[in-house]
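Source file: run35.tsv; contents: TSV, C-alpha atoms.
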```tsv
chain	number	residue	atom	x	y	z
G	1	MET	CA	-175.58	76.82	-32.90
G	2	ILE	CA	-173.80	76.05	-29.64
G	3	ASP	CA	-177.17	75.94	-27.91
G	4	LEU	CA	-178.35	73.36	-30.45
G	5	LEU	CA	-175.24	71.20	-29.96
G	6	SER	CA	-175.61	71.40	-26.20
G	7	TRP	CA	-179.33	70.50	-26.49
G	8	VAL	CA	-178.43	67.45	-28.60
G	9	CYS	CA	-175.74	66.34	-26.12
G	10	LEU	CA	-178.01	66.75	-23.08
G	11	SER	CA	-180.95	64.90	-24.67
G	12	LEU	CA	-178.75	62.08	-25.96
G	13	GLY	CA	-177.25	61.73	-22.49
G	14	GLY	CA	-180.67	61.69	-20.86
G	15	LEU	CA	-181.92	59.11	-23.36
G	16	LEU	CA	-178.89	56.92	-22.72
G	17	GLY	CA	-179.45	57.18	-18.97
G	18	ILE	CA	-183.09	56.10	-19.26
G	19	VAL	CA	-182.07	53.21	-21.56
G	20	ALA	CA	-179.57	52.11	-18.89
G	21	GLY	CA	-182.30	52.31	-16.24
G	22	ILE	CA	-184.65	50.18	-18.36
G	23	GLY	CA	-181.81	47.73	-19.03
G	24	MET	CA	-181.32	47.36	-15.26
G	25	HIS	CA	-184.85	45.95	-15.13
G	26	ARG	CA	-185.13	43.97	-18.35
G	27	PHE	CA	-181.95	41.89	-18.25
G	28	PRO	CA	-182.02	38.45	-16.63
G	29	ASP	CA	-178.98	38.31	-14.31
G	30	PHE	CA	-176.33	40.37	-12.57
G	31	TYR	CA	-173.64	40.42	-15.28
G	32	THR	CA	-175.99	41.50	-18.06
G	33	ARG	CA	-177.43	44.18	-15.78
G	34	LEU	CA	-173.92	45.37	-14.97
G	35	HIS	CA	-173.26	45.54	-18.70
G	36	ALA	CA	-176.32	47.74	-19.18
G	37	ALA	CA	-175.40	50.01	-16.27
G	38	GLY	CA	-171.62	50.11	-16.59
G	39	THR	CA	-171.16	50.69	-20.30
G	40	THR	CA	-173.76	53.42	-20.68
G	41	ASP	CA	-172.64	55.17	-17.50
G	42	THR	CA	-169.44	56.60	-18.92
G	43	LEU	CA	-170.88	57.85	-22.21
G	44	CYS	CA	-173.96	59.26	-20.48
G	45	ALA	CA	-171.80	61.27	-18.09
G	46	ALA	CA	-169.51	62.36	-20.95
G	47	LEU	CA	-172.44	63.62	-23.03
G	48	PHE	CA	-174.00	65.49	-20.10
G	49	LEU	CA	-170.72	67.14	-19.12
G	50	LEU	CA	-169.96	68.03	-22.77
G	51	GLY	CA	-173.38	69.61	-23.13
G	52	LEU	CA	-172.87	71.65	-19.96
G	53	GLY	CA	-169.32	72.55	-20.99
G	54	LEU	CA	-170.58	73.95	-24.31
G	55	GLN	CA	-172.90	76.22	-22.32
G	56	ALA	CA	-170.10	77.37	-20.04
G	57	GLY	CA	-167.51	78.14	-22.73
G	58	LEU	CA	-163.82	78.36	-21.85
G	59	THR	CA	-164.13	79.24	-18.17
G	60	LEU	CA	-163.21	77.78	-14.79
G	61	ALA	CA	-166.57	75.99	-14.78
G	62	SER	CA	-165.76	74.06	-17.94
G	63	PHE	CA	-162.38	73.11	-16.47
G	64	LYS	CA	-164.14	71.71	-13.40
G	65	LEU	CA	-166.52	69.84	-15.70
G	66	PHE	CA	-163.51	68.42	-17.50
G	67	LEU	CA	-162.03	67.29	-14.17
G	68	ILE	CA	-165.30	65.54	-13.26
G	69	PHE	CA	-165.34	63.92	-16.69
G	70	ALA	CA	-161.72	62.73	-16.41
G	71	PHE	CA	-162.41	61.22	-12.99
G	72	ILE	CA	-165.59	59.43	-14.10
G	73	PHE	CA	-163.84	58.25	-17.27
G	74	PHE	CA	-161.29	56.35	-15.21
G	75	THR	CA	-163.28	55.28	-12.14
G	76	SER	CA	-166.53	54.08	-13.73
G	77	PRO	CA	-164.92	51.19	-15.70
G	78	THR	CA	-162.75	50.42	-12.67
G	79	ALA	CA	-165.79	50.17	-10.41
G	80	SER	CA	-167.59	48.00	-12.97
G	81	HIS	CA	-164.59	45.70	-13.23
G	82	SER	CA	-164.23	45.31	-9.47
G	83	LEU	CA	-167.99	44.67	-9.16
G	84	ALA	CA	-167.85	41.89	-11.77
G	85	ASN	CA	-164.72	40.48	-10.16
G	86	ALA	CA	-166.27	40.50	-6.68
G	87	ALA	CA	-169.43	38.84	-7.99
G	88	MET	CA	-167.39	36.15	-9.74
G	89	MET	CA	-165.38	35.52	-6.56
G	90	GLY	CA	-168.60	35.55	-4.54
G	91	GLY	CA	-169.99	32.72	-6.67
G	92	VAL	CA	-172.63	34.40	-8.83
G	93	LYS	CA	-173.07	32.17	-11.89
G	94	PRO	CA	-173.41	33.86	-15.30
G	95	TRP	CA	-176.82	33.39	-16.92
G	96	THR	CA	-177.09	31.18	-19.99
G	97	ARG	CA	-180.10	29.98	-21.93
G	98	ASN	CA	-179.76	26.46	-20.52
G	99	ASN	CA	-179.79	27.04	-16.76
G	100	ASP	CA	-182.91	29.21	-16.89
M	1	MET	CA	-186.26	74.19	-20.85
M	2	MET	CA	-183.10	72.37	-21.86
M	3	TYR	CA	-182.01	71.89	-18.25
M	4	ALA	CA	-185.54	70.86	-17.20
M	5	VAL	CA	-185.55	67.98	-19.70
M	6	ALA	CA	-182.07	66.91	-18.57
M	7	ILE	CA	-183.08	66.97	-14.90
M	8	ILE	CA	-186.27	64.99	-15.58
M	9	ALA	CA	-184.29	62.36	-17.53
M	10	ILE	CA	-181.78	62.07	-14.66
M	11	LEU	CA	-184.59	61.76	-12.10
M	12	ILE	CA	-186.29	58.98	-14.12
M	13	THR	CA	-182.96	57.13	-14.28
M	14	ILE	CA	-182.42	57.57	-10.54
M	15	ALA	CA	-185.90	56.20	-9.85
M	16	LEU	CA	-185.25	53.12	-12.01
M	17	ALA	CA	-181.86	52.53	-10.37
M	18	LEU	CA	-183.37	52.96	-6.90
M	19	ALA	CA	-186.08	50.41	-7.72
M	20	ARG	CA	-183.37	47.94	-8.75
M	21	ALA	CA	-181.40	48.71	-5.58
M	22	LEU	CA	-184.47	47.92	-3.46
M	23	MET	CA	-185.50	44.80	-5.42
M	24	GLY	CA	-182.10	43.40	-6.44
M	25	PRO	CA	-181.86	39.67	-5.81
M	26	THR	CA	-178.11	39.65	-5.03
M	27	VAL	CA	-176.14	42.20	-3.02
M	28	TYR	CA	-174.03	42.95	-6.14
M	29	ASP	CA	-177.14	44.09	-7.99
M	30	ARG	CA	-177.76	46.59	-5.23
M	31	ILE	CA	-174.17	47.86	-5.32
M	32	ALA	CA	-174.27	48.26	-9.13
M	33	ALA	CA	-177.54	50.19	-8.84
M	34	ILE	CA	-176.09	52.43	-6.12
M	35	ASN	CA	-173.00	53.04	-8.28
M	36	MET	CA	-175.21	54.17	-11.15
M	37	LEU	CA	-177.30	56.27	-8.77
M	38	GLY	CA	-174.15	58.00	-7.53
M	39	THR	CA	-172.98	58.83	-11.05
M	40	LYS	CA	-176.39	60.25	-11.90
M	41	THR	CA	-176.32	62.31	-8.69
M	42	ILE	CA	-173.03	63.88	-9.82
M	43	LEU	CA	-174.67	64.82	-13.13
M	44	LEU	CA	-177.74	66.13	-11.29
M	45	ILE	CA	-175.59	68.41	-9.13
M	46	ALA	CA	-173.69	69.61	-12.22
M	47	VAL	CA	-176.90	70.44	-14.11
M	48	PHE	CA	-178.33	72.09	-10.99
M	49	ALA	CA	-175.23	74.30	-10.81
M	50	PHE	CA	-176.06	75.58	-14.29
M	51	VAL	CA	-179.79	75.98	-13.59
M	52	THR	CA	-179.16	78.22	-10.59
M	53	ASP	CA	-176.06	79.77	-12.25
M	54	ARG	CA	-173.95	79.05	-9.17
M	55	HIS	CA	-170.89	77.39	-10.62
M	56	ASP	CA	-169.35	76.77	-7.17
M	57	LEU	CA	-171.65	73.75	-6.92
M	58	LEU	CA	-169.39	72.00	-9.44
M	59	ASP	CA	-166.83	71.60	-6.64
M	60	ILE	CA	-169.43	69.62	-4.69
M	61	ALA	CA	-170.05	67.45	-7.78
M	62	LEU	CA	-166.31	66.80	-8.02
M	63	VAL	CA	-166.07	65.80	-4.35
M	64	TYR	CA	-169.12	63.58	-4.79
M	65	ALA	CA	-167.38	61.83	-7.72
M	66	LEU	CA	-164.40	61.08	-5.46
M	67	ILE	CA	-166.53	59.86	-2.56
M	68	ASN	CA	-168.71	57.70	-4.83
M	69	PHE	CA	-165.78	55.68	-6.13
M	70	ILE	CA	-164.16	55.24	-2.71
M	71	GLY	CA	-167.49	54.24	-1.21
M	72	ILE	CA	-168.22	51.61	-3.85
M	73	VAL	CA	-164.77	50.05	-3.51
M	74	ALA	CA	-165.03	50.05	0.32
M	75	VAL	CA	-168.46	48.40	0.26
M	76	LEU	CA	-167.21	45.82	-2.23
M	77	LYS	CA	-164.28	44.96	0.01
M	78	LEU	CA	-166.60	44.68	3.01
M	79	VAL	CA	-168.94	42.36	1.10
M	80	GLU	CA	-166.11	40.22	-0.22
M	81	HIS	CA	-164.11	39.81	3.01
M	82	GLY	CA	-166.72	40.45	5.68
M	83	ASN	CA	-164.40	42.96	7.39
M	84	PHE	CA	-161.83	45.61	6.63
M	85	HIS	CA	-158.76	44.14	8.32
M	86	THR	CA	-157.93	41.23	6.00
M	87	ASP	CA	-156.11	41.67	2.73
M	88	GLY	CA	-156.03	39.47	-0.37
M	89	SER	CA	-152.97	37.44	0.64
M	90	ILE	CA	-154.53	36.19	3.88
M	91	LYS	CA	-157.62	35.08	1.99
M	92	GLN	CA	-155.51	33.11	-0.49
M	93	LYS	CA	-153.70	31.33	2.34
M	94	LYS	CA	-157.05	30.30	3.82
M	95	GLU	CA	-158.23	28.94	0.50
M	96	GLN	CA	-155.07	26.88	0.01
M	97	SER	CA	-155.17	25.22	3.42
```

Structure translated into structure tokens:
Amino acid sequence: MIDLLSWVCLSLGGLLGIVAGIGMHRFPDFYTRLHAAGTTDTLCAALFLLGLGLQAGLTLASFKLFLIFAFIFFTSPTASHSLANAAMMGGVKPWTRNND
Amino acid sequence: MMYAVAIIAILITIALALARALMGPTVYDRIAAINMLGTKTILLIAVFAFVTDRHDLLDIALVYALINFIGIVAVLKLVEHGNFHTDGSIKQKKEQS
């Protein structure tokens, strides 16, 4: 049962990662690409670490996985925000349908 | 089997992100791709720790998570200011004058 749950978590995480990678190539400009990369990043990492944590059980390893998760949970949105902010300050214009 | 699928999915994602980092039209595209690549590397190390059953490798994944964030923020500051010795207030003064 736990193996099945862990299998589901790992495959969902992998799928989400590949979707993010495809989104990095399909979207038209920087902000939409950042949206594809930044939003899926956190959930993908969470699913992977949850899947691994289910395999480990309540041990030191799962605590370390939780620490990695907590760090990514806070830093990944922060990095995305500072990237978007820096791009806006650097003069990258958001894409719209009109200025194609 | 389970770990093999996870590792292959991570490697595909890393390849896609690396392609974007090499192609990216603006420098911010490259930084976003490298950020994603770093996160996926952390996951790759974590999965690898479970494949080889050496859970000490999780410490390396944790350190890599720390370094990844610091590195991205440092590169962003370098791109935005052109150097490391100015801070935001000096830039604002320049813009006003």

Wanna dump the chain M-range 46-59 of chain G contacts at 10 Å for me, each residue with its shortest atom pair and the distance in Å to one decimal, counting all atoms listed in the file, ordered by chain and number, as CSV?
```
residue,atom,partner,partner_atom,distance
M:Tyr3,CA,G:Leu52,CA,9.3
M:Ala6,CA,G:Phe48,CA,8.3
M:Leu43,CA,G:Phe48,CA,7.0
M:Leu44,CA,G:Phe48,CA,9.6
M:Ala46,CA,G:Leu49,CA,7.9
M:Val47,CA,G:Leu52,CA,7.2
M:Ala49,CA,G:Leu52,CA,9.8
M:Phe50,CA,G:Leu52,CA,7.6
M:His55,CA,G:Ala56,CA,9.5
```

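CA of Gly17 in chain G lies 18.4 Å from CA of Met1 in chain M.
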
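Compared by their closest atoms to chain G, and using all atoms listed in the file, the residues M:Ile34, M:Val75, M:Ile67, M:Arg20 rank with M:Arg20 nearest.
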
Spatial neighbours of Ala15 in chain M, max dist 10 Å, only C-alpha atoms, sep filter under 5 positions, as a VMD selection string: (chain G and resid 18 21) or (chain M and resid 9 to 10 20 to 21 37)

Neighbours of chain M in chain G at 8 Å, counting all atoms listed in the file, as a VMD selection string: chain G and resid 7 10 to 11 14 to 15 17 to 18 20 to 22 24 to 25 30 33 to 34 37 to 38 41 45 48 to 49 52 61 64 to 65 67 to 68 71 to 72 75 to 76 79 to 80 82 to 83 86 to 87 89 to 90
